[in-house]
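Q: The file below is structure09.cif, mmCIF, C-alpha atoms:
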```cif
data_data
#
loop_
_atom_site.label_atom_id
_atom_site.label_comp_id
_atom_site.auth_asym_id
_atom_site.auth_seq_id
_atom_site.Cartn_x
_atom_site.Cartn_y
_atom_site.Cartn_z
CA MET Q 8 101.85 190.07 111.22
CA ILE Q 9 104.51 192.26 109.67
CA ASP Q 10 104.01 194.87 112.42
CA LYS Q 11 105.02 192.39 115.10
CA SER Q 12 108.56 192.14 116.32
CA ILE Q 13 110.80 189.36 115.13
CA GLU Q 14 110.53 187.69 118.52
CA GLU Q 15 106.73 187.74 118.42
CA ASN Q 16 106.74 186.29 114.93
CA PHE Q 17 109.15 183.51 115.93
CA LYS Q 18 106.92 182.69 118.89
CA LYS Q 19 103.80 182.60 116.69
CA MET Q 20 105.64 180.41 114.19
CA GLU Q 21 106.58 177.97 116.96
CA GLU Q 22 102.97 177.90 118.16
CA LEU Q 23 101.66 177.20 114.67
CA LEU Q 24 104.20 174.46 114.03
CA GLU Q 25 103.38 172.84 117.36
CA GLU Q 26 99.68 173.08 116.52
CA LEU Q 27 100.37 171.49 113.15
CA GLU Q 28 102.43 168.67 114.67
CA ASN Q 29 99.78 167.92 117.28
CA SER Q 30 96.84 168.54 114.98
CA LYS Q 31 94.12 166.00 114.67
CA ASP Q 32 92.22 168.38 112.45
CA ASN Q 33 91.23 167.64 108.93
CA LEU Q 34 93.48 168.31 106.00
CA ASP Q 35 91.87 171.67 105.20
CA GLU Q 36 92.59 172.97 108.71
CA SER Q 37 96.17 171.66 108.58
CA ILE Q 38 96.73 173.47 105.28
CA LYS Q 39 95.41 176.72 106.77
CA ILE Q 40 97.84 176.39 109.68
CA TYR Q 41 100.69 175.65 107.27
CA GLU Q 42 99.82 178.69 105.14
CA LYS Q 43 99.89 180.97 108.20
CA ALA Q 44 103.27 179.59 109.24
CA SER Q 45 104.58 179.96 105.69
CA ASP Q 46 103.48 183.62 105.54
CA ILE Q 47 105.24 184.35 108.83
CA TYR Q 48 108.38 182.57 107.61
CA ILE Q 49 108.50 184.69 104.46
CA LYS Q 50 108.09 187.91 106.46
CA LEU Q 51 110.76 186.83 108.94
CA GLU Q 52 113.16 185.98 106.15
CA GLU Q 53 112.59 189.39 104.53
CA ARG Q 54 113.12 191.21 107.82
CA LEU Q 55 116.27 189.21 108.65
CA ASN Q 56 117.66 189.92 105.18
CA GLU Q 57 117.06 193.64 105.76
CA TYR Q 58 118.94 193.48 109.05
CA LYS Q 59 121.75 191.50 107.43
CA ALA Q 60 122.10 194.15 104.72
CA LYS Q 61 122.23 196.90 107.36
CA VAL Q 62 124.94 195.08 109.29
CA GLU Q 63 126.92 194.52 106.11
CA THR Q 64 126.62 198.22 105.26
CA ILE Q 65 127.76 199.24 108.73
CA THR Q 66 130.71 196.85 108.79
CA SER Q 67 131.81 197.76 105.25
CA ASP Q 68 132.01 201.43 106.25
CA GLU Q 69 134.55 200.71 108.98
#
```
Would you kindly transcribe this structure into structure tokens?

A:
Amino acid sequence: MIDKSIEENFKKMEELLEELENSKDNLDESIKIYEKASDIYIKLEERLNEYKAKVETITSDE
């Protein structure tokens, strides 16, 4: 999932969270959905922190 754009990852995260909220699956399936969403969240947070650092570098050079 790391190769996807931020927008694609946000969309997938929303889909997984909606699936989790509406899930009538067993606990094992719900945990799998949660783990996927958690992995995407971590990757998004890392990517956003990279972008934040770039912006801070650019603005500190001005």

Q: Could you give me, as a list in words, the residues within 12 Å of Glu14 in chain Q, counting all atoms listed in the file and dropping anything in the same chain fewer than 6 positions from it?

A: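 In the requested form, the answer reads Met8, Met20, Glu21, Ile47, Leu51, Arg54 and Leu55 of chain Q.
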
Q: Could you spell out the hits of the PyMOL selection byres ((chain Q and resi 50) around 12) on the shown file, as a ChimeraX atom specification?

A: /Q:8-13,16-17,20,43-49,51-57

Q: Just write the chosen residues, C-alpha atoms, as an mmCIF file, keeping the file's coordinate frame.

A:
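New file result.cif:
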```cif
data_model
loop_
_atom_site.group_PDB
_atom_site.id
_atom_site.type_symbol
_atom_site.label_atom_id
_atom_site.label_comp_id
_atom_site.auth_asym_id
_atom_site.auth_seq_id
_atom_site.Cartn_x
_atom_site.Cartn_y
_atom_site.Cartn_z
ATOM 1 C CA MET Q 8 101.850 190.070 111.220
ATOM 2 C CA ILE Q 9 104.510 192.260 109.670
ATOM 3 C CA ASP Q 10 104.010 194.870 112.420
ATOM 4 C CA LYS Q 11 105.020 192.390 115.100
ATOM 5 C CA SER Q 12 108.560 192.140 116.320
ATOM 6 C CA ILE Q 13 110.800 189.360 115.130
ATOM 7 C CA ASN Q 16 106.740 186.290 114.930
ATOM 8 C CA PHE Q 17 109.150 183.510 115.930
ATOM 9 C CA MET Q 20 105.640 180.410 114.190
ATOM 10 C CA LYS Q 43 99.890 180.970 108.200
ATOM 11 C CA ALA Q 44 103.270 179.590 109.240
ATOM 12 C CA SER Q 45 104.580 179.960 105.690
ATOM 13 C CA ASP Q 46 103.480 183.620 105.540
ATOM 14 C CA ILE Q 47 105.240 184.350 108.830
ATOM 15 C CA TYR Q 48 108.380 182.570 107.610
ATOM 16 C CA ILE Q 49 108.500 184.690 104.460
ATOM 17 C CA LEU Q 51 110.760 186.830 108.940
ATOM 18 C CA GLU Q 52 113.160 185.980 106.150
ATOM 19 C CA GLU Q 53 112.590 189.390 104.530
ATOM 20 C CA ARG Q 54 113.120 191.210 107.820
ATOM 21 C CA LEU Q 55 116.270 189.210 108.650
ATOM 22 C CA ASN Q 56 117.660 189.920 105.180
ATOM 23 C CA GLU Q 57 117.060 193.640 105.760
#
```

Q: How many Å lie between CA of Thr66 in chain Q and CA of Glu15 in chain Q, rounded to one decimal?

A: 27.4 Å

Q: Quick one: residues within 8 Å of Tyr41 in chain Q, only C-alpha atoms counted, chain neighbours fewer than 4 positions away excluded, as number ranges by chain?

A: Q: 23-24, 27, 37, 45

Q: Filtering to C-alpha atoms, could you give me those residues as a PDB file, in the coordinates of the input?

A:
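File selection27.pdb, as written:
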```pdb
ATOM      1  CA  LEU Q  23     101.660 177.200 114.670  1.00  0.00           C
ATOM      2  CA  LEU Q  24     104.200 174.460 114.030  1.00  0.00           C
ATOM      3  CA  LEU Q  27     100.370 171.490 113.150  1.00  0.00           C
ATOM      4  CA  SER Q  37      96.170 171.660 108.580  1.00  0.00           C
ATOM      5  CA  SER Q  45     104.580 179.960 105.690  1.00  0.00           C
TER       6      SER Q  45
END
```

Q: Of the candidates Q:Ile40, Q:Lys61, Q:Ser67, Q:Leu34, which shows the shortest atom-to-atom distance to Glu22 in chain Q, using all atoms listed in the file?

A: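 That would be Q:Ile40, the residue with the smallest distance to Glu22 in chain Q.
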
Q: In Å, how far is it from CA of Lys19 in chain Q to CA of Glu36 in chain Q?

A: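 Taking CA of Lys19 in chain Q as the start and CA of Glu36 in chain Q as the end point, the length is 16.8 Å.
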
Q: So how many Å separate CA of Ser30 in chain Q and CA of Lys18 in chain Q, to one decimal?

A: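 Those two atoms sit 17.8 Å apart.
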
Q: Is it possible to dump range 21-68 of chain Q as a PDB file, in the first residue's frame, including just N, CA and C atoms?

A:
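The file below, result.pdb, is the result:
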```pdb
ATOM      1  N   GLU Q  21     -10.932   4.823   4.617  1.00  0.00           N
ATOM      2  CA  GLU Q  21     -12.358   5.094   4.817  1.00  0.00           C
ATOM      3  C   GLU Q  21     -13.194   3.852   4.518  1.00  0.00           C
ATOM      4  N   GLU Q  22     -12.857   3.159   3.439  1.00  0.00           N
ATOM      5  CA  GLU Q  22     -13.586   1.941   3.077  1.00  0.00           C
ATOM      6  C   GLU Q  22     -13.454   0.872   4.157  1.00  0.00           C
ATOM      7  N   LEU Q  23     -12.254   0.698   4.671  1.00  0.00           N
ATOM      8  CA  LEU Q  23     -12.038  -0.304   5.712  1.00  0.00           C
ATOM      9  C   LEU Q  23     -12.773   0.056   6.999  1.00  0.00           C
ATOM     10  N   LEU Q  24     -12.751   1.333   7.364  1.00  0.00           N
ATOM     11  CA  LEU Q  24     -13.437   1.748   8.581  1.00  0.00           C
ATOM     12  C   LEU Q  24     -14.949   1.589   8.439  1.00  0.00           C
ATOM     13  N   GLU Q  25     -15.458   1.909   7.256  1.00  0.00           N
ATOM     14  CA  GLU Q  25     -16.888   1.708   7.009  1.00  0.00           C
ATOM     15  C   GLU Q  25     -17.231   0.216   7.071  1.00  0.00           C
ATOM     16  N   GLU Q  26     -16.380  -0.592   6.485  1.00  0.00           N
ATOM     17  CA  GLU Q  26     -16.587  -2.043   6.520  1.00  0.00           C
ATOM     18  C   GLU Q  26     -16.576  -2.549   7.962  1.00  0.00           C
ATOM     19  N   LEU Q  27     -15.673  -2.004   8.756  1.00  0.00           N
ATOM     20  CA  LEU Q  27     -15.569  -2.406  10.156  1.00  0.00           C
ATOM     21  C   LEU Q  27     -16.816  -1.976  10.933  1.00  0.00           C
ATOM     22  N   GLU Q  28     -17.270  -0.753  10.699  1.00  0.00           N
ATOM     23  CA  GLU Q  28     -18.456  -0.254  11.386  1.00  0.00           C
ATOM     24  C   GLU Q  28     -19.702  -1.061  11.031  1.00  0.00           C
ATOM     25  N   ASN Q  29     -19.804  -1.463   9.776  1.00  0.00           N
ATOM     26  CA  ASN Q  29     -20.989  -2.166   9.305  1.00  0.00           C
ATOM     27  C   ASN Q  29     -20.830  -3.685   9.338  1.00  0.00           C
ATOM     28  N   SER Q  30     -19.715  -4.133   9.863  1.00  0.00           N
ATOM     29  CA  SER Q  30     -19.383  -5.551   9.819  1.00  0.00           C
ATOM     30  C   SER Q  30     -20.267  -6.370  10.753  1.00  0.00           C
ATOM     31  N   LYS Q  31     -20.732  -7.457  10.189  1.00  0.00           N
ATOM     32  CA  LYS Q  31     -21.432  -8.446  10.990  1.00  0.00           C
ATOM     33  C   LYS Q  31     -20.596  -9.723  11.013  1.00  0.00           C
ATOM     34  N   ASP Q  32     -19.337  -9.543  10.628  1.00  0.00           N
ATOM     35  CA  ASP Q  32     -18.414 -10.671  10.579  1.00  0.00           C
ATOM     36  C   ASP Q  32     -18.001 -11.068  11.992  1.00  0.00           C
ATOM     37  N   ASN Q  33     -17.329 -12.166  12.049  1.00  0.00           N
ATOM     38  CA  ASN Q  33     -16.849 -12.623  13.352  1.00  0.00           C
ATOM     39  C   ASN Q  33     -15.678 -11.761  13.817  1.00  0.00           C
ATOM     40  N   LEU Q  34     -15.279 -11.985  15.018  1.00  0.00           N
ATOM     41  CA  LEU Q  34     -14.217 -11.187  15.618  1.00  0.00           C
ATOM     42  C   LEU Q  34     -12.907 -11.301  14.848  1.00  0.00           C
ATOM     43  N   ASP Q  35     -12.572 -12.487  14.378  1.00  0.00           N
ATOM     44  CA  ASP Q  35     -11.323 -12.674  13.623  1.00  0.00           C
ATOM     45  C   ASP Q  35     -11.296 -11.796  12.373  1.00  0.00           C
ATOM     46  N   GLU Q  36     -12.416 -11.761  11.654  1.00  0.00           N
ATOM     47  CA  GLU Q  36     -12.482 -10.941  10.439  1.00  0.00           C
ATOM     48  C   GLU Q  36     -12.401  -9.451  10.784  1.00  0.00           C
ATOM     49  N   SER Q  37     -13.052  -9.041  11.846  1.00  0.00           N
ATOM     50  CA  SER Q  37     -13.000  -7.639  12.280  1.00  0.00           C
ATOM     51  C   SER Q  37     -11.577  -7.237  12.642  1.00  0.00           C
ATOM     52  N   ILE Q  38     -10.856  -8.131  13.280  1.00  0.00           N
ATOM     53  CA  ILE Q  38      -9.462  -7.839  13.650  1.00  0.00           C
ATOM     54  C   ILE Q  38      -8.597  -7.709  12.404  1.00  0.00           C
ATOM     55  N   LYS Q  39      -8.823  -8.551  11.407  1.00  0.00           N
ATOM     56  CA  LYS Q  39      -8.072  -8.446  10.149  1.00  0.00           C
ATOM     57  C   LYS Q  39      -8.320  -7.094   9.478  1.00  0.00           C
ATOM     58  N   ILE Q  40      -9.565  -6.663   9.459  1.00  0.00           N
ATOM     59  CA  ILE Q  40      -9.910  -5.363   8.873  1.00  0.00           C
ATOM     60  C   ILE Q  40      -9.205  -4.257   9.648  1.00  0.00           C
ATOM     61  N   TYR Q  41      -9.257  -4.328  10.973  1.00  0.00           N
ATOM     62  CA  TYR Q  41      -8.616  -3.324  11.819  1.00  0.00           C
ATOM     63  C   TYR Q  41      -7.108  -3.282  11.573  1.00  0.00           C
ATOM     64  N   GLU Q  42      -6.476  -4.436  11.437  1.00  0.00           N
ATOM     65  CA  GLU Q  42      -5.034  -4.486  11.187  1.00  0.00           C
ATOM     66  C   GLU Q  42      -4.677  -3.825   9.861  1.00  0.00           C
ATOM     67  N   LYS Q  43      -5.483  -4.068   8.823  1.00  0.00           N
ATOM     68  CA  LYS Q  43      -5.238  -3.425   7.529  1.00  0.00           C
ATOM     69  C   LYS Q  43      -5.342  -1.907   7.661  1.00  0.00           C
ATOM     70  N   ALA Q  44      -6.381  -1.448   8.335  1.00  0.00           N
ATOM     71  CA  ALA Q  44      -6.574  -0.007   8.522  1.00  0.00           C
ATOM     72  C   ALA Q  44      -5.427   0.584   9.334  1.00  0.00           C
ATOM     73  N   SER Q  45      -4.991  -0.134  10.342  1.00  0.00           N
ATOM     74  CA  SER Q  45      -3.886   0.336  11.183  1.00  0.00           C
ATOM     75  C   SER Q  45      -2.592   0.460  10.380  1.00  0.00           C
ATOM     76  N   ASP Q  46      -2.320  -0.519   9.517  1.00  0.00           N
ATOM     77  CA  ASP Q  46      -1.122  -0.462   8.664  1.00  0.00           C
ATOM     78  C   ASP Q  46      -1.160   0.755   7.740  1.00  0.00           C
ATOM     79  N   ILE Q  47      -2.313   0.996   7.151  1.00  0.00           N
ATOM     80  CA  ILE Q  47      -2.462   2.156   6.262  1.00  0.00           C
ATOM     81  C   ILE Q  47      -2.263   3.443   7.048  1.00  0.00           C
ATOM     82  N   TYR Q  48      -2.834   3.517   8.243  1.00  0.00           N
ATOM     83  CA  TYR Q  48      -2.686   4.711   9.086  1.00  0.00           C
ATOM     84  C   TYR Q  48      -1.214   4.996   9.371  1.00  0.00           C
ATOM     85  N   ILE Q  49      -0.476   3.978   9.729  1.00  0.00           N
ATOM     86  CA  ILE Q  49       0.950   4.156  10.035  1.00  0.00           C
ATOM     87  C   ILE Q  49       1.703   4.681   8.811  1.00  0.00           C
ATOM     88  N   LYS Q  50       1.410   4.110   7.649  1.00  0.00           N
ATOM     89  CA  LYS Q  50       2.077   4.552   6.418  1.00  0.00           C
ATOM     90  C   LYS Q  50       1.695   5.989   6.065  1.00  0.00           C
ATOM     91  N   LEU Q  51       0.423   6.316   6.262  1.00  0.00           N
ATOM     92  CA  LEU Q  51      -0.018   7.688   5.993  1.00  0.00           C
ATOM     93  C   LEU Q  51       0.662   8.670   6.941  1.00  0.00           C
ATOM     94  N   GLU Q  52       0.733   8.307   8.192  1.00  0.00           N
ATOM     95  CA  GLU Q  52       1.378   9.186   9.168  1.00  0.00           C
ATOM     96  C   GLU Q  52       2.847   9.416   8.817  1.00  0.00           C
ATOM     97  N   GLU Q  53       3.542   8.351   8.413  1.00  0.00           N
ATOM     98  CA  GLU Q  53       4.942   8.483   8.005  1.00  0.00           C
ATOM     99  C   GLU Q  53       5.080   9.408   6.808  1.00  0.00           C
ATOM    100  N   ARG Q  54       4.235   9.199   5.807  1.00  0.00           N
ATOM    101  CA  ARG Q  54       4.295  10.015   4.589  1.00  0.00           C
ATOM    102  C   ARG Q  54       3.983  11.483   4.909  1.00  0.00           C
ATOM    103  N   LEU Q  55       2.958  11.723   5.723  1.00  0.00           N
ATOM    104  CA  LEU Q  55       2.601  13.093   6.077  1.00  0.00           C
ATOM    105  C   LEU Q  55       3.713  13.758   6.878  1.00  0.00           C
ATOM    106  N   ASN Q  56       4.382  13.010   7.740  1.00  0.00           N
ATOM    107  CA  ASN Q  56       5.510  13.568   8.485  1.00  0.00           C
ATOM    108  C   ASN Q  56       6.668  13.926   7.554  1.00  0.00           C
ATOM    109  N   GLU Q  57       6.876  13.108   6.516  1.00  0.00           N
ATOM    110  CA  GLU Q  57       7.908  13.442   5.522  1.00  0.00           C
ATOM    111  C   GLU Q  57       7.573  14.751   4.822  1.00  0.00           C
ATOM    112  N   TYR Q  58       6.316  14.887   4.409  1.00  0.00           N
ATOM    113  CA  TYR Q  58       5.898  16.117   3.733  1.00  0.00           C
ATOM    114  C   TYR Q  58       6.003  17.325   4.659  1.00  0.00           C
ATOM    115  N   LYS Q  59       5.638  17.131   5.908  1.00  0.00           N
ATOM    116  CA  LYS Q  59       5.730  18.223   6.882  1.00  0.00           C
ATOM    117  C   LYS Q  59       7.185  18.677   7.028  1.00  0.00           C
ATOM    118  N   ALA Q  60       8.102  17.721   7.112  1.00  0.00           N
ATOM    119  CA  ALA Q  60       9.523  18.054   7.231  1.00  0.00           C
ATOM    120  C   ALA Q  60      10.018  18.808   6.001  1.00  0.00           C
ATOM    121  N   LYS Q  61       9.551  18.395   4.804  1.00  0.00           N
ATOM    122  CA  LYS Q  61       9.952  19.101   3.586  1.00  0.00           C
ATOM    123  C   LYS Q  61       9.450  20.534   3.597  1.00  0.00           C
ATOM    124  N   VAL Q  62       8.206  20.713   4.009  1.00  0.00           N
ATOM    125  CA  VAL Q  62       7.639  22.068   4.050  1.00  0.00           C
ATOM    126  C   VAL Q  62       8.400  22.912   5.064  1.00  0.00           C
ATOM    127  N   GLU Q  63       8.701  22.344   6.207  1.00  0.00           N
ATOM    128  CA  GLU Q  63       9.462  23.085   7.219  1.00  0.00           C
ATOM    129  C   GLU Q  63      10.839  23.467   6.707  1.00  0.00           C
ATOM    130  N   THR Q  64      11.484  22.580   5.955  1.00  0.00           N
ATOM    131  CA  THR Q  64      12.792  22.869   5.373  1.00  0.00           C
ATOM    132  C   THR Q  64      12.687  23.999   4.364  1.00  0.00           C
ATOM    133  N   ILE Q  65      11.672  23.930   3.531  1.00  0.00           N
ATOM    134  CA  ILE Q  65      11.487  24.963   2.505  1.00  0.00           C
ATOM    135  C   ILE Q  65      11.210  26.317   3.149  1.00  0.00           C
ATOM    136  N   THR Q  66      10.328  26.349   4.128  1.00  0.00           N
ATOM    137  CA  THR Q  66       9.963  27.623   4.744  1.00  0.00           C
ATOM    138  C   THR Q  66      11.071  28.165   5.626  1.00  0.00           C
ATOM    139  N   SER Q  67      11.928  27.302   6.161  1.00  0.00           N
ATOM    140  CA  SER Q  67      13.030  27.812   7.006  1.00  0.00           C
ATOM    141  C   SER Q  67      14.149  28.408   6.149  1.00  0.00           C
ATOM    142  N   ASP Q  68      14.200  28.036   4.873  1.00  0.00           N
ATOM    143  CA  ASP Q  68      15.213  28.565   3.966  1.00  0.00           C
ATOM    144  C   ASP Q  68      14.870  29.957   3.456  1.00  0.00           C
TER     145      ASP Q  68
END
```
